[in-house]
Structures are given as C-alpha cells and as structure tokens.
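Okay, so here's the structure we're looking at.
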Amino acid sequence: MKKIAVLTSGGDAPGMNAAIRAVVRTGIYYDLKVVGVRRGYAGLIEQDFIPLKLGSVADIIQRGGTILLTARCDEFFTEEGRQKAVANLQQEGIEGLVVLGGDGSFRGALEIDKLGIPVIGIPCTIDNDIPCTSATIGFDTVVNTVLDAINKIRDTATSHERVFVIEVMGRRSGFIALKAGLAGGAESIMIPEAPLKVDDIIKNIQRGLKRGKKHSIIVIAEGAADACEVTKEIETKTGLETRLSILGYIQRGGTPTAQDRMLASRMGSEAVQLLLRGQRKKMLALDGDKIRNFDLDWAVNQSKTVSLEDLQLADMLSI
Ligand code: F6P
C-alpha cells in the first residue's frame, strides 16, 4: 500500500482534527502518501483532493471542527455519484480510505468499499449514537460544553428563583442530555428513549420548592419534545417564571477534551494500521480502555441505548 485518503463527513465534532492528524502522521510514519478529501463525499465526486504532509496537521490537535471541511451530499447517494467518487479515488491511486463520521457516513463508506476501495470508519459525532462503541469522538467534549452551560445557568436560575429548560442536541438520541444532565444535577431529564410527562416534571419542581430549592433545571434532548411548548406548559401550570435556553451549535465546537484527543489519536492511528494489515470494511470502537474493530456492515445494523439506570440515578439524586 502506497497511498491512502481521509475525509470527514456529516456533522463536525471536536476531535476530528486530532483524528486527521493521527491518520496523516501514522501514514507518513509508515511511508504512505496521505491525501485529504475536502467537504466529505461532495469532495470525492468533485476531486477536491489535497496532499497532506506532516506540516499540514501541525497545530490542529487542539482545534474543534475539521480542517478538511464537511458537507452533506445527496449526489453521493446515487449510483452514478458513487461510481464517480470511486473512479476519482482510483485515478488518484488511492488504495484505502479512512472515513470520519457517523452512521450515514458509514453507509456511504460501505458503498465505496463495495466498489473496490478498502474503507475504515472512525466514529465521530457529538451524539454518541453509534453502536458497538462506548464513546464517539466529540461526545466527551460536548458533555463538558453542556455541563459548563448548565453551571452558568444555575447561577442566574438561583438569583431569580426561576425554572430553566435547557435544550441540547443529540438528534434522535438522549446520550448528551442524560450524561450532562446527571453530571449537572438537573432536576429532570427528558430523552427520546424514556418519555417523561410534563406533569411529572412539575411534580419534581414542586417537591423541590417544598424543601426550599431556589431553582429547577430541566434538560431536554432535542428529539424528546418541543422545548418551547414544555417551557410554556410549566410556567402556565406552576405560575413560576420559566425560561428556555436552546444551546444550539455551541455544542458542535470548542477545543476537544483530553479524552477526545486521546480517543481520536488512538483511532486515527489504528485505522491506518488496519489498512496496512490488509483489513477493510471495519469500524473502530472503544471497549473499556481498548480500541477494537467490528465489521462495518454488521456494526451499522446494531443498536445502542442509553443507560436507564443512569436516568433512575439522576431522578433519585434530584429529590
Ligand atoms: O449529528 C450531530 C448534530 O449536531 C445533531 O445533534 C443535530 O441534530 C444535527 O447534527 C444538526 O444538523 P445540521 O448541522 O445539519 O443542522
């Protein structure tokens, strides 16, 4: 193997740059040429390739986002688009492709592998909704970003004796809401995997008021409910001043934590070594403190659920 490529696809995540850096430096360490594909699968189709040298990935380990840019690409999901993408890779002499992204990106990677280019997937998304791995690159950072926001909101919630509803990302999953809500001491956490009635939230608020709590924090995953409606219903039914903070896209940026940088470095390096060992169609995964790999076509069809024990713990500790 002489030449490989790397691309980032789907929503960006803190730690992607650390993973790109590890792919490039490991590749060069083993005398490979490494090509960066800009703007995900769109760049594959448009041959938006850049050679990546050691210096190309200098001073990026601490940066959020992705130096290769990313994009959502409908054309890639046509047979013609995929054929063009693979023809471009072959014309460039690429013998292996590392794809950093989530489940949609991995399904695209499988199509590329089917057409002849070995692929390795690295799970990068703040949502942590990729099965077979206990963590995705970006998840630890977003949890700490949300936690910092909760801590700041607790100050003003106490000062004004208000109820705050905080909406977080996660697409159709509740991993961010659950972990950040538990760590942030939220009174209630609403996730798609465990529907909570607003009346139950109100009971928690009133129970806290009775024992002198000065505020309540409700964390809602964006896929669980309409946070605006929940906020209005709480204020109407309790008569308490209730405010909403939708954290939005700050959750996608920021410098990656040490944990995400470590995970990205280990997975980026392992991806290149798998290709060098002739492995293909694999997804890297964190299992305990070990980096493992699974068949990509098997892994994308598995599922992963949040820990309902953690939800019960959060409920118990918020009394
Ligand atoms: O998948 C990551 C994510 O941030 C989700 O949590 C969120 O729902 C989605 O991307 C937003 O997508 P876009 O960046 O296309 O608006």
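Order determines the names: the first chain of the structure tokens is A, the second B, and so forth; residues in each chain are numbered 1 upward, and ligands are numbered 1 upward as they are shown.
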> When the cut-off is 9 Å and you count only C-alpha atoms and all ligand atoms, which residues lie near ligand 1, shown as a PyMOL selection string?
Replying inline: chain A and resi 10-13+71-72+102+125-129+168-173+176+222-223+248-249+251-252
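DSSP annotation of range 206-306 of chain A from backbone atoms: strand (DSSP E) residues are A:Ser216, A:Ile217, A:Ile218, A:Val219, A:Ile220, A:Ala221, A:Thr242, A:Arg243, A:Leu244, A:Ser245, A:Ile246, A:Lys282, A:Met283, A:Leu284, A:Ala285, A:Leu286, A:Asp287, A:Lys290, A:Ile291, A:Arg292, A:Asn293, A:Phe294, A:Asp295.
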>> Under the rule that only C-alpha atoms are counted, which of A:Glu95, A:Asp59, A:Glu270, A:Asp289 is the nearest residue to Ile122 in chain A?
In response: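 Residue with the minimum atom-to-atom distance to Ile122 in chain A: A:Glu270.
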List as a PDB file with N, CA, C and O atoms, in the first residue's frame the protein and nucleic acid residues near Gly253 in chain A, meaning an atom at most 9 Å away when only C-alpha atoms are counted, but skip any in the same chain fewer than 3 places from it.
ATOM      1  N   ASP A  12     -19.875  18.039  12.056  1.00  0.00           N
ATOM      2  CA  ASP A  12     -18.497  18.047  12.583  1.00  0.00           C
ATOM      3  C   ASP A  12     -18.521  17.780  14.086  1.00  0.00           C
ATOM      4  O   ASP A  12     -19.560  17.891  14.747  1.00  0.00           O
ATOM      5  N   ALA A  13     -17.367  17.396  14.620  1.00  0.00           N
ATOM      6  CA  ALA A  13     -17.276  17.046  16.044  1.00  0.00           C
ATOM      7  C   ALA A  13     -15.887  17.403  16.563  1.00  0.00           C
ATOM      8  O   ALA A  13     -14.892  17.148  15.870  1.00  0.00           O
ATOM      9  N   PRO A  14     -15.779  17.939  17.771  1.00  0.00           N
ATOM     10  CA  PRO A  14     -14.463  18.238  18.341  1.00  0.00           C
ATOM     11  C   PRO A  14     -13.654  16.952  18.478  1.00  0.00           C
ATOM     12  O   PRO A  14     -14.154  15.950  18.991  1.00  0.00           O
ATOM     13  N   ARG A  63      -7.791  22.042  17.993  1.00  0.00           N
ATOM     14  CA  ARG A  63      -8.857  22.809  17.336  1.00  0.00           C
ATOM     15  C   ARG A  63     -10.114  21.968  17.104  1.00  0.00           C
ATOM     16  O   ARG A  63     -10.025  20.826  16.637  1.00  0.00           O
ATOM     17  N   GLY A  64     -11.285  22.560  17.399  1.00  0.00           N
ATOM     18  CA  GLY A  64     -12.548  21.898  17.061  1.00  0.00           C
ATOM     19  C   GLY A  64     -12.757  21.967  15.552  1.00  0.00           C
ATOM     20  O   GLY A  64     -11.919  22.502  14.821  1.00  0.00           O
ATOM     21  N   GLY A  65     -13.857  21.445  15.095  1.00  0.00           N
ATOM     22  CA  GLY A  65     -14.158  21.484  13.658  1.00  0.00           C
ATOM     23  C   GLY A  65     -13.286  20.503  12.889  1.00  0.00           C
ATOM     24  O   GLY A  65     -12.694  19.588  13.457  1.00  0.00           O
ATOM     25  N   THR A 141     -16.401  15.953  24.777  1.00  0.00           N
ATOM     26  CA  THR A 141     -16.291  17.418  24.696  1.00  0.00           C
ATOM     27  C   THR A 141     -17.660  18.078  24.790  1.00  0.00           C
ATOM     28  O   THR A 141     -17.846  19.026  25.560  1.00  0.00           O
ATOM     29  N   VAL A 142     -18.652  17.538  24.078  1.00  0.00           N
ATOM     30  CA  VAL A 142     -19.974  18.187  24.109  1.00  0.00           C
ATOM     31  C   VAL A 142     -20.600  18.064  25.496  1.00  0.00           C
ATOM     32  O   VAL A 142     -21.252  18.992  25.983  1.00  0.00           O
ATOM     33  N   THR A 145     -19.125  20.766  27.433  1.00  0.00           N
ATOM     34  CA  THR A 145     -19.641  22.071  26.981  1.00  0.00           C
ATOM     35  C   THR A 145     -21.019  22.328  27.571  1.00  0.00           C
ATOM     36  O   THR A 145     -21.304  23.412  28.097  1.00  0.00           O
ATOM     37  N   TYR A 249     -25.662  25.396  18.399  1.00  0.00           N
ATOM     38  CA  TYR A 249     -24.420  24.987  17.736  1.00  0.00           C
ATOM     39  C   TYR A 249     -23.142  25.238  18.539  1.00  0.00           C
ATOM     40  O   TYR A 249     -22.066  24.808  18.125  1.00  0.00           O
ATOM     41  N   ILE A 250     -23.248  25.864  19.693  1.00  0.00           N
ATOM     42  CA  ILE A 250     -22.027  25.922  20.510  1.00  0.00           C
ATOM     43  C   ILE A 250     -21.618  24.502  20.891  1.00  0.00           C
ATOM     44  O   ILE A 250     -20.463  24.218  21.184  1.00  0.00           O
ATOM     45  N   PRO A 256     -11.262  20.133  21.754  1.00  0.00           N
ATOM     46  CA  PRO A 256     -11.569  18.801  22.266  1.00  0.00           C
ATOM     47  C   PRO A 256     -10.897  18.538  23.614  1.00  0.00           C
ATOM     48  O   PRO A 256      -9.778  18.995  23.853  1.00  0.00           O
TER      49      PRO A 256
END
> How would you write, as a ChimeraX atom specification, the set of residues in range 26-57 of chain A that DSSP gives as helix (DSSP H, G or I)?
Replying inline: /A:26-29,40-45,54-57
> Could you pull the residues within 9 Å of range 39-44 of chain A, counting only C-alpha atoms, minus those fewer than 2 positions along the same chain, as a list in words?
Replying inline: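 The filter keeps Leu7, Thr8, Ser9, Gly10, Val37, Glu46, Gln47, Asp48, Phe49, Leu68, Leu69, Thr70, Ala71, Arg72, Cys73, Asp74, Glu75, Phe76, Arg82, Lys84, Ala85, Val86, Asn88, Leu89, Val99, Ser105 and Gly108 of chain A.
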> Which is closer to Asp310 in chain A than all the others in A:Ala135, A:Ile189, A:Leu52, A:Val119, using only C-alpha atoms?
Replying inline: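 Using only C-alpha atoms, the shortest distance to Asp310 in chain A belongs to A:Ile189.
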> How many Å lie between CA of Val198 in chain A and CA of Glu233 in chain A, rounded to one decimal?
Replying inline: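 Computing the Euclidean distance for CA of Val198 in chain A and CA of Glu233 in chain A yields 7.6 Å.
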> Which one is closest to Arg277 in chain A: A:Gly212, A:Gly181, A:Gly96, A:Gly104? Count only C-alpha atoms.
Replying inline: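 Closest to Arg277 in chain A, using only C-alpha atoms: A:Gly96.
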> Which residues, written as a ChimeraX atom specification, have at least one atom at most 10 Å from Thr133 in chain A, with only C-alpha atoms counted and residues fewer than 6 positions away on the same chain left out?
Replying inline: /A:123,283-288,291-294,299,304
